[in-house]
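Visitor: Just dropping this structure here.
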Amino acid sequence: MDLRTSLAFFLGSAHRVVRDILFKQWKDKDKEVQVYEGLRKILNYNELMSQSKFCLCPSGWDLASPRVAKSIYVGCVPVIISDSYVLPFSDVLDWSKFSIHIPVGKIPEIKKILQCSRGCVSDILHIVLHSIWLRRLNVRFPL
């Protein structure tokens, strides 16, 4: 039985152009792509994130968002929405193996893109750890 009942989820505040576009296109408009603005006490953030196959991670004020790490932790595939975001540990992790990158101009196509994406939702943490392990095996230090 699949406990992940929604396709995608985001709950956050409106700052930066990327989030404004995301809210304009998806806020409260689709049951599969759940996009909510602001802090809503009626919503359980962790529960909704855990019930989603994909967690939308639009760029915001910070250089690195805890939302990306949180989505991996709960087994939700992070969807990086940005034109120029450098992902953490990109020298070690092959982000293309366990995340999806969507340029800002493709925000209206999020649902279509995610429906066509093959995600290993239940194994996301294992994929990250495996990526680190493979990188470790490929790094050789001079003696």
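So you can find residues: chains in the structure tokens are A, B, ... in the order shown, residues in each start at 1, and ligands are numbered from 1 in order.
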Just the residues within 6 Å of Val77 in chain A, please, counting only C-alpha atoms, with nothing from its chain fewer than 2 positions along; format it as an MDAnalysis selection string.
Guide: chainID A and resid 54:55 99
Visitor: Can you spit out the residues from that selection as an mmCIF file, in the first residue's frame, using N, CA and C atoms?
Guide:
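Written file, again-v3.cif:
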data_model
loop_
_atom_site.group_PDB
_atom_site.id
_atom_site.type_symbol
_atom_site.label_atom_id
_atom_site.label_comp_id
_atom_site.auth_asym_id
_atom_site.auth_seq_id
_atom_site.Cartn_x
_atom_site.Cartn_y
_atom_site.Cartn_z
ATOM 1 N N PHE A 54 7.125 13.787 -4.222
ATOM 2 C CA PHE A 54 8.109 14.810 -4.539
ATOM 3 C C PHE A 54 7.901 16.011 -3.622
ATOM 4 N N CYS A 55 9.004 16.583 -3.131
ATOM 5 C CA CYS A 55 8.948 17.786 -2.303
ATOM 6 C C CYS A 55 9.559 18.942 -3.087
ATOM 7 N N SER A 99 17.386 13.383 -7.207
ATOM 8 C CA SER A 99 16.608 14.621 -7.180
ATOM 9 C C SER A 99 16.238 15.000 -8.609
#
Visitor: What's around Gln51 in chain A at 7 Å? Count only C-alpha atoms, leave out sequence neighbours fewer than 3 positions away in its own chain, and write the answer as a PyMOL selection string.
Guide: chain A and resi 3-6+47-48
Visitor: Write out as a list of chain:residue names which residues come within 9 Å of Asp83 in chain A when counting only C-alpha atoms, dropping same-chain ones fewer than 4 positions away.
Guide: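 Returned residues: A:Ser59, A:His101, A:Ile102, A:Pro103, A:Val104, A:Gly105.
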Visitor: Could you pull out the alpha helix (DSSP H) residues of range 21-130 of chain A from DSSP and send them as a PyMOL selection string?
Guide: chain A and resi 21-26+45-50+66-73+110-116+124-130
Visitor: Closest to Ser82 in chain A among A:Ala69, A:Ile21, A:Cys116, A:Leu39, using only C-alpha atoms?
Guide: A:Ile21
